[in-house]
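Engineer: One structure, as structure tokens, below. Some questions next.
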Amino acid sequence: MHENLVLIGAGSAMFTRGLIADVIRHGWEGGIGLVDTDPAALRVAERLAQKMLAASGAPLRLRAATDRRDLLPGATAVICTIGVGGRRAWEQDVLVPRRFGIFQPVGDSVMPGGTSRALRMIPAMVGIAADMLDLCPSALFFNYGNPMSPVCRAVHRATGACMVGLCHGVFDVGRHLAGLLGVAPDDLRYTALGINHLTWFTEVRAGGRDMIPRLAAIAREKVAGLDHAQPNPHPADGASADRSAPFGCGEDPFTWELVNLFGAFPAVMDRHVTEFFPHLFAGPGSYYGRTLGVDAFSFEGTIAWGDRIYAEMQELAESPEPLPAKYFERIGGEHEQVTEIVESIRNDRGTVYSANLPNRGQIPNLPADAVVECPAVADAGGMRPLLQPPLPAGIAGTLATRLQWVETVVEAALTASRKTFIQALLLDGAVASVAQAAQLADALLAVQQAHLPDWRQA
């Protein structure tokens, strides 16, 4: 298959490594363009890609540029993995709210961290979409950047570009549930609906049998034995004790409490799901005897892990030695389905994947045009959502306010409005008062000033 891929945000070297390995494995021909505004990070990604292509002999042309407009003409697929400000800006999204007694295990999707991140991400992604419409309007357009729903909603609203949001979370949790239920992953059938990082498995089947009752029974057993003061079962470095499970999986007590209450399984487990219910962990950050982001899903551990991975890749890029053989092995991660999705579209296979798309009736009791995570078929028409029955009222309720937060933070980012930013922080639910929301907004705007457009004080 011949494709001209452009990867924007190529300095995310782990994603770049996985994507190029998959492209080589699938035997694609054509070209790969790497874009990153950081010349040093781009050089690491380019050097690693050069080594991979040379070792494999793959018939792929490699180009790299700090200006995306140099590489977008002729692109057939564009994949965005940008994170404006990188890990250093991400740190401030989490550490600044801590000064206000707000503790976040991730801080990239919701809560004040996700709200702050959206202010940086949305203008950048709208600019990328505008350039795509100008230079390669027929290219497939995929986004992996968080916060997923606000980014995709802003791009659709501001430009009309046909962006598809992708995340491996639902796919990973599906594999986790298959292991939990003792069935092969390929034998599990499920429907997962919601907003990215709070997507509810409302149907789970295997061998023609409904598996929701089995999950409900597991939930009852776990909740009955739950000690809310027990130590958190997760390692403090943010990694999973079970390496076959999704990042951050383990006992996940809050997830099982929700399964017991709602009769559906929320993805993607406690590390993300807790952030959608900040009022329940305002102790501050109290999580079954631990503190979210500190000794439960350590945020510092996550950042240190990312810095360590980048340093290792930088060393490999600069070394004159060839890459180790394991470098070409298939690895899990955000990249792992996008090559299959492109192939399904090009070959009109009609395979179903989880995708983030505007709500055009696929979830009838959620707002029209809100970006929702849902099953979508990948065929010659692109990625098209599959219509679903209405969600149960309780589950729809967990999403409805959050989708209005999305609309508010999108408005704040597109209009550079401090007042609307404060409104978004209130809707998110982590702050204790209007005054605290205003103080937190000003603190975040000050620390992220280098990555934000001019903001008016209104």
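Each chain in the structure tokens gets a letter, A, B and so on, in the order shown; residues start at 1 in every chain, and ligands are counted from 1 in the order they appear.
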Just list as an MDAnalysis selection string whatever in range 178-310 of chain A DSSP marks as alpha helix (DSSP H).

Structural biologist: chainID A and resid 178:181 212:224 253:262 270:273 299:310

Engineer: So which residues touch Gly174 in chain A within 10 Å, counting only C-alpha atoms, skipping near sequence neighbours fewer than 2 positions away, as a PyMOL selection string?

Structural biologist: chain A and resi 168-172+176-180+185-186+188-192+201+204+246+267-268

Engineer: Restrict the selected residues to N, CA and C atoms and save them as a PDB file, in the first residue's frame.

Structural biologist:
```pdb
ATOM      1  N   HIS A 168      -5.986   4.480  22.416  1.00  0.00           N
ATOM      2  CA  HIS A 168      -5.944   3.022  22.569  1.00  0.00           C
ATOM      3  C   HIS A 168      -6.630   2.545  23.843  1.00  0.00           C
ATOM      4  N   GLY A 169      -7.219   3.464  24.626  1.00  0.00           N
ATOM      5  CA  GLY A 169      -7.768   3.090  25.918  1.00  0.00           C
ATOM      6  C   GLY A 169      -8.853   2.039  25.858  1.00  0.00           C
ATOM      7  N   VAL A 170      -9.856   2.230  24.994  1.00  0.00           N
ATOM      8  CA  VAL A 170     -10.951   1.258  24.887  1.00  0.00           C
ATOM      9  C   VAL A 170     -10.410  -0.084  24.421  1.00  0.00           C
ATOM     10  N   PHE A 171      -9.528  -0.073  23.444  1.00  0.00           N
ATOM     11  CA  PHE A 171      -8.919  -1.297  22.920  1.00  0.00           C
ATOM     12  C   PHE A 171      -8.176  -2.037  24.030  1.00  0.00           C
ATOM     13  N   ASP A 172      -7.402  -1.297  24.825  1.00  0.00           N
ATOM     14  CA  ASP A 172      -6.641  -1.903  25.919  1.00  0.00           C
ATOM     15  C   ASP A 172      -7.565  -2.470  26.990  1.00  0.00           C
ATOM     16  N   HIS A 176      -8.068  -6.193  28.527  1.00  0.00           N
ATOM     17  CA  HIS A 176      -8.039  -6.436  29.968  1.00  0.00           C
ATOM     18  C   HIS A 176      -9.273  -7.218  30.412  1.00  0.00           C
ATOM     19  N   LEU A 177     -10.441  -6.838  29.910  1.00  0.00           N
ATOM     20  CA  LEU A 177     -11.673  -7.538  30.278  1.00  0.00           C
ATOM     21  C   LEU A 177     -11.672  -8.972  29.755  1.00  0.00           C
ATOM     22  N   ALA A 178     -11.124  -9.176  28.564  1.00  0.00           N
ATOM     23  CA  ALA A 178     -11.037 -10.534  28.031  1.00  0.00           C
ATOM     24  C   ALA A 178     -10.218 -11.417  28.975  1.00  0.00           C
ATOM     25  N   GLY A 179      -9.088 -10.909  29.443  1.00  0.00           N
ATOM     26  CA  GLY A 179      -8.281 -11.673  30.387  1.00  0.00           C
ATOM     27  C   GLY A 179      -9.008 -11.927  31.688  1.00  0.00           C
ATOM     28  N   LEU A 180      -9.717 -10.918  32.157  1.00  0.00           N
ATOM     29  CA  LEU A 180     -10.466 -11.048  33.402  1.00  0.00           C
ATOM     30  C   LEU A 180     -11.563 -12.106  33.279  1.00  0.00           C
ATOM     31  N   PRO A 185      -9.038 -12.392  23.450  1.00  0.00           N
ATOM     32  CA  PRO A 185      -9.432 -11.031  23.076  1.00  0.00           C
ATOM     33  C   PRO A 185     -10.240 -10.964  21.788  1.00  0.00           C
ATOM     34  N   ASP A 186      -9.893 -11.791  20.809  1.00  0.00           N
ATOM     35  CA  ASP A 186     -10.617 -11.769  19.535  1.00  0.00           C
ATOM     36  C   ASP A 186     -12.037 -12.308  19.661  1.00  0.00           C
ATOM     37  N   LEU A 188     -14.031 -11.538  22.232  1.00  0.00           N
ATOM     38  CA  LEU A 188     -14.841 -10.609  23.012  1.00  0.00           C
ATOM     39  C   LEU A 188     -15.501  -9.594  22.089  1.00  0.00           C
ATOM     40  N   ARG A 189     -16.779  -9.374  22.281  1.00  0.00           N
ATOM     41  CA  ARG A 189     -17.526  -8.364  21.534  1.00  0.00           C
ATOM     42  C   ARG A 189     -18.067  -7.356  22.534  1.00  0.00           C
ATOM     43  N   TYR A 190     -17.939  -6.081  22.225  1.00  0.00           N
ATOM     44  CA  TYR A 190     -18.398  -5.087  23.183  1.00  0.00           C
ATOM     45  C   TYR A 190     -18.836  -3.804  22.474  1.00  0.00           C
ATOM     46  N   THR A 191     -19.617  -3.020  23.201  1.00  0.00           N
ATOM     47  CA  THR A 191     -19.987  -1.667  22.794  1.00  0.00           C
ATOM     48  C   THR A 191     -19.541  -0.736  23.903  1.00  0.00           C
ATOM     49  N   ALA A 192     -18.751   0.270  23.552  1.00  0.00           N
ATOM     50  CA  ALA A 192     -18.244   1.233  24.528  1.00  0.00           C
ATOM     51  C   ALA A 192     -18.596   2.638  24.057  1.00  0.00           C
ATOM     52  N   PHE A 201     -18.435   0.633  28.875  1.00  0.00           N
ATOM     53  CA  PHE A 201     -18.719  -0.644  28.220  1.00  0.00           C
ATOM     54  C   PHE A 201     -20.133  -1.057  28.630  1.00  0.00           C
ATOM     55  N   VAL A 204     -21.037  -6.320  26.746  1.00  0.00           N
ATOM     56  CA  VAL A 204     -19.855  -7.178  26.670  1.00  0.00           C
ATOM     57  C   VAL A 204     -20.355  -8.597  26.434  1.00  0.00           C
ATOM     58  N   PRO A 246      -3.713  -2.652  31.028  1.00  0.00           N
ATOM     59  CA  PRO A 246      -3.466  -1.275  30.607  1.00  0.00           C
ATOM     60  C   PRO A 246      -2.671  -0.500  31.644  1.00  0.00           C
ATOM     61  N   ALA A 267     -14.180   2.826  31.149  1.00  0.00           N
ATOM     62  CA  ALA A 267     -12.780   2.883  30.739  1.00  0.00           C
ATOM     63  C   ALA A 267     -12.309   4.339  30.890  1.00  0.00           C
ATOM     64  N   VAL A 268     -11.067   4.578  31.245  1.00  0.00           N
ATOM     65  CA  VAL A 268     -10.007   3.591  31.238  1.00  0.00           C
ATOM     66  C   VAL A 268      -9.406   3.398  32.628  1.00  0.00           C
TER      67      VAL A 268
END
```

Engineer: For Glu203 in chain A, which residue out of A:Leu215, A:Ile32, A:Met125, A:Ala161 is the nearest one, using only C-alpha atoms?

Structural biologist: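 Checking each of A:Leu215, A:Ile32, A:Met125, A:Ala161 against Glu203 in chain A, counting only C-alpha atoms, the winner is A:Leu215.
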
Engineer: Can you list, as a list in words, every protein, DNA or RNA residue that comes within 9 Å of Arg220 in chain A when you count only C-alpha atoms, leaving out same-chain residues fewer than 6 positions away?

Structural biologist: Trp256, Glu257, Val259 and Asn260 of chain A

Engineer: Limited to N, CA and C atoms, could you put the picked residues into a file as a tab-separated table (two decimals), in the first residue's frame?

Structural biologist:
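Heads up, here's the output in again.tsv:
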```
chain	number	residue	atom	x	y	z
A	256	TRP	N	-14.70	-0.44	40.04
A	256	TRP	CA	-15.62	-1.52	40.42
A	256	TRP	C	-16.81	-0.98	41.21
A	257	GLU	N	-16.62	0.09	41.96
A	257	GLU	CA	-17.78	0.70	42.61
A	257	GLU	C	-18.76	1.23	41.56
A	259	VAL	N	-19.07	0.08	38.43
A	259	VAL	CA	-19.69	-1.09	37.79
A	259	VAL	C	-20.85	-1.58	38.66
A	260	ASN	N	-20.62	-1.65	39.94
A	260	ASN	CA	-21.65	-2.13	40.86
A	260	ASN	C	-22.87	-1.21	40.85
```

Engineer: May I have a table of the residues of range 390-448 of chain A lying at most 12 Å from range 352-364 of chain A, giving each one's closest pair of atoms and their distance in Å to one decimal, counting only C-alpha atoms, ordered by chain and ascending residue number, as a tab-separated table?

Structural biologist:
```
residue	atom	partner	partner_atom	distance
A:Pro390	CA	A:Pro364	CA	5.4
A:Leu391	CA	A:Ile363	CA	7.1
A:Pro392	CA	A:Ile363	CA	10.8
A:Ala393	CA	A:Pro364	CA	11.7
A:Ile395	CA	A:Ile363	CA	11.7
A:Ala396	CA	A:Ile363	CA	9.4
A:Leu399	CA	A:Ile363	CA	11.3
A:Ala400	CA	A:Ile363	CA	11.7
A:Leu403	CA	A:Asn359	CA	11.2
```

Engineer: Any chance you can output those residues with C-alpha atoms as a PDB file, in the first residue's frame?

Structural biologist:
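Once everything was written out, this is result_9.pdb:
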```
ATOM      1  CA  PRO A 390     -29.915   5.715  24.124  1.00  0.00           C
ATOM      2  CA  LEU A 391     -27.632   5.377  27.109  1.00  0.00           C
ATOM      3  CA  PRO A 392     -29.211   4.667  30.505  1.00  0.00           C
ATOM      4  CA  ALA A 393     -30.120   7.945  32.194  1.00  0.00           C
ATOM      5  CA  ILE A 395     -24.670   6.975  32.554  1.00  0.00           C
ATOM      6  CA  ALA A 396     -25.827   9.777  30.265  1.00  0.00           C
ATOM      7  CA  LEU A 399     -21.407  12.623  30.568  1.00  0.00           C
ATOM      8  CA  ALA A 400     -23.872  15.486  30.078  1.00  0.00           C
ATOM      9  CA  LEU A 403     -19.826  17.718  27.551  1.00  0.00           C
TER      10      LEU A 403
END
```

Engineer: Quick one: everything within 12 Å of range 26-31 of chain A, counting only C-alpha atoms, minus sequence neighbours fewer than 4 positions away in the same chain. Send it as a ChimeraX atom specification.

Structural biologist: /A:1-7,19-22,49,53,56-64,71-72,74-78,330,336-340,342-343

Engineer: Restricted to N, CA and C atoms, what would the selected residues look like written as an mmCIF file, in the first residue's frame?

Structural biologist:
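This is the output file result_8.cif:
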```cif
data_model
loop_
_atom_site.group_PDB
_atom_site.id
_atom_site.type_symbol
_atom_site.label_atom_id
_atom_site.label_comp_id
_atom_site.auth_asym_id
_atom_site.auth_seq_id
_atom_site.Cartn_x
_atom_site.Cartn_y
_atom_site.Cartn_z
ATOM 1 N N MET A 1 0.846 -1.193 0.000
ATOM 2 C CA MET A 1 0.000 0.000 0.000
ATOM 3 C C MET A 1 0.881 1.242 0.000
ATOM 4 N N HIS A 2 0.501 2.245 -0.770
ATOM 5 C CA HIS A 2 1.298 3.451 -0.917
ATOM 6 C C HIS A 2 0.629 4.586 -0.167
ATOM 7 N N GLU A 3 1.328 5.148 0.812
ATOM 8 C CA GLU A 3 0.823 6.272 1.593
ATOM 9 C C GLU A 3 1.936 7.289 1.811
ATOM 10 N N ASN A 4 1.547 8.530 1.872
ATOM 11 C CA ASN A 4 2.462 9.589 2.291
ATOM 12 C C ASN A 4 1.981 10.111 3.639
ATOM 13 N N LEU A 5 2.570 9.576 4.699
ATOM 14 C CA LEU A 5 2.192 9.943 6.064
ATOM 15 C C LEU A 5 2.956 11.176 6.512
ATOM 16 N N VAL A 6 2.286 12.035 7.244
ATOM 17 C CA VAL A 6 2.960 13.127 7.928
ATOM 18 C C VAL A 6 2.601 13.028 9.405
ATOM 19 N N LEU A 7 3.612 12.931 10.250
ATOM 20 C CA LEU A 7 3.429 12.835 11.695
ATOM 21 C C LEU A 7 3.810 14.169 12.315
ATOM 22 N N LEU A 19 4.907 3.715 15.420
ATOM 23 C CA LEU A 19 4.248 3.919 14.127
ATOM 24 C C LEU A 19 5.128 3.444 12.982
ATOM 25 N N ILE A 20 6.395 3.826 12.997
ATOM 26 C CA ILE A 20 7.282 3.431 11.894
ATOM 27 C C ILE A 20 7.481 1.920 11.884
ATOM 28 N N ALA A 21 7.595 1.309 13.056
ATOM 29 C CA ALA A 21 7.716 -0.151 13.107
ATOM 30 C C ALA A 21 6.490 -0.816 12.495
ATOM 31 N N ASP A 22 5.300 -0.273 12.779
ATOM 32 C CA ASP A 22 4.076 -0.847 12.216
ATOM 33 C C ASP A 22 4.016 -0.646 10.707
ATOM 34 N N ALA A 49 14.355 7.169 13.062
ATOM 35 C CA ALA A 49 13.633 6.707 11.869
ATOM 36 C C ALA A 49 14.612 6.291 10.775
ATOM 37 N N LEU A 53 14.670 2.553 9.134
ATOM 38 C CA LEU A 53 14.469 2.323 7.701
ATOM 39 C C LEU A 53 15.702 1.669 7.073
ATOM 40 N N SER A 56 15.842 -2.042 8.062
ATOM 41 C CA SER A 56 14.779 -2.874 7.493
ATOM 42 C C SER A 56 14.795 -2.919 5.973
ATOM 43 N N GLY A 57 15.443 -1.926 5.358
ATOM 44 C CA GLY A 57 15.414 -1.854 3.900
ATOM 45 C C GLY A 57 14.058 -1.472 3.345
ATOM 46 N N ALA A 58 13.206 -0.880 4.183
ATOM 47 C CA ALA A 58 11.855 -0.512 3.750
ATOM 48 C C ALA A 58 11.911 0.567 2.670
ATOM 49 N N PRO A 59 11.063 0.441 1.637
ATOM 50 C CA PRO A 59 11.066 1.406 0.526
ATOM 51 C C PRO A 59 10.272 2.669 0.870
ATOM 52 N N LEU A 60 10.723 3.380 1.894
ATOM 53 C CA LEU A 60 10.016 4.560 2.357
ATOM 54 C C LEU A 60 10.952 5.769 2.326
ATOM 55 N N ARG A 61 10.448 6.865 1.786
ATOM 56 C CA ARG A 61 11.223 8.104 1.749
ATOM 57 C C ARG A 61 10.963 8.872 3.032
ATOM 58 N N LEU A 62 12.030 9.332 3.695
ATOM 59 C CA LEU A 62 11.911 10.040 4.965
ATOM 60 C C LEU A 62 12.258 11.505 4.776
ATOM 61 N N ARG A 63 11.377 12.368 5.310
ATOM 62 C CA ARG A 63 11.648 13.800 5.336
ATOM 63 C C ARG A 63 11.345 14.326 6.729
ATOM 64 N N ALA A 64 11.986 15.442 7.092
ATOM 65 C CA ALA A 64 11.765 16.043 8.402
ATOM 66 C C ALA A 64 11.797 17.555 8.271
ATOM 67 N N LEU A 71 5.849 19.977 4.520
ATOM 68 C CA LEU A 71 5.624 18.553 4.286
ATOM 69 C C LEU A 71 4.168 18.196 3.989
ATOM 70 N N LEU A 72 3.227 19.082 4.282
ATOM 71 C CA LEU A 72 1.819 18.726 4.097
ATOM 72 C C LEU A 72 1.391 18.556 2.636
ATOM 73 N N GLY A 74 0.717 16.995 -0.665
ATOM 74 C CA GLY A 74 0.853 15.611 -1.115
ATOM 75 C C GLY A 74 0.615 14.576 -0.040
ATOM 76 N N ALA A 75 0.381 14.993 1.199
ATOM 77 C CA ALA A 75 0.120 14.030 2.277
ATOM 78 C C ALA A 75 -1.202 13.312 2.030
ATOM 79 N N THR A 76 -1.222 12.012 2.294
ATOM 80 C CA THR A 76 -2.459 11.236 2.194
ATOM 81 C C THR A 76 -3.047 10.919 3.570
ATOM 82 N N ALA A 77 -2.234 11.019 4.603
ATOM 83 C CA ALA A 77 -2.707 10.824 5.971
ATOM 84 C C ALA A 77 -1.840 11.659 6.901
ATOM 85 N N VAL A 78 -2.492 12.367 7.825
ATOM 86 C CA VAL A 78 -1.792 13.218 8.782
ATOM 87 C C VAL A 78 -2.176 12.753 10.178
ATOM 88 N N ARG A 330 6.749 -5.524 17.820
ATOM 89 C CA ARG A 330 5.486 -4.804 17.984
ATOM 90 C C ARG A 330 5.325 -4.406 19.442
ATOM 91 N N GLU A 336 -0.992 1.912 18.042
ATOM 92 C CA GLU A 336 -1.060 0.531 17.581
ATOM 93 C C GLU A 336 -2.214 0.191 16.662
ATOM 94 N N GLN A 337 -3.222 1.039 16.486
ATOM 95 C CA GLN A 337 -4.312 0.708 15.585
ATOM 96 C C GLN A 337 -4.374 1.575 14.334
ATOM 97 N N VAL A 338 -3.620 2.666 14.286
ATOM 98 C CA VAL A 338 -3.842 3.615 13.200
ATOM 99 C C VAL A 338 -3.481 3.027 11.832
ATOM 100 N N THR A 339 -2.425 2.213 11.750
ATOM 101 C CA THR A 339 -2.101 1.619 10.449
ATOM 102 C C THR A 339 -3.210 0.671 9.996
ATOM 103 N N GLU A 340 -3.787 -0.082 10.934
ATOM 104 C CA GLU A 340 -4.892 -0.974 10.580
ATOM 105 C C GLU A 340 -6.116 -0.177 10.133
ATOM 106 N N VAL A 342 -6.122 2.828 8.674
ATOM 107 C CA VAL A 342 -5.866 3.342 7.323
ATOM 108 C C VAL A 342 -6.065 2.231 6.288
ATOM 109 N N GLU A 343 -5.558 1.043 6.584
ATOM 110 C CA GLU A 343 -5.723 -0.069 5.643
ATOM 111 C C GLU A 343 -7.189 -0.462 5.486
#
```

Engineer: Just checking: using only C-alpha atoms, which residue out of A:Ala441, A:Val106, A:Ile309, A:Met121 ends up closest to Asp270 in chain A?

Structural biologist: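 Of A:Ala441, A:Val106, A:Ile309, A:Met121, the one nearest Asp270 in chain A, counting only C-alpha atoms, is A:Val106.
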
Engineer: Would you mind telling me which residue in A:Asp93, A:Asp67, A:Arg43, A:Met132 lies nearest to Ala446 in chain A when using only C-alpha atoms?

Structural biologist: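 Under the stated criterion, the closest residue is A:Asp93.
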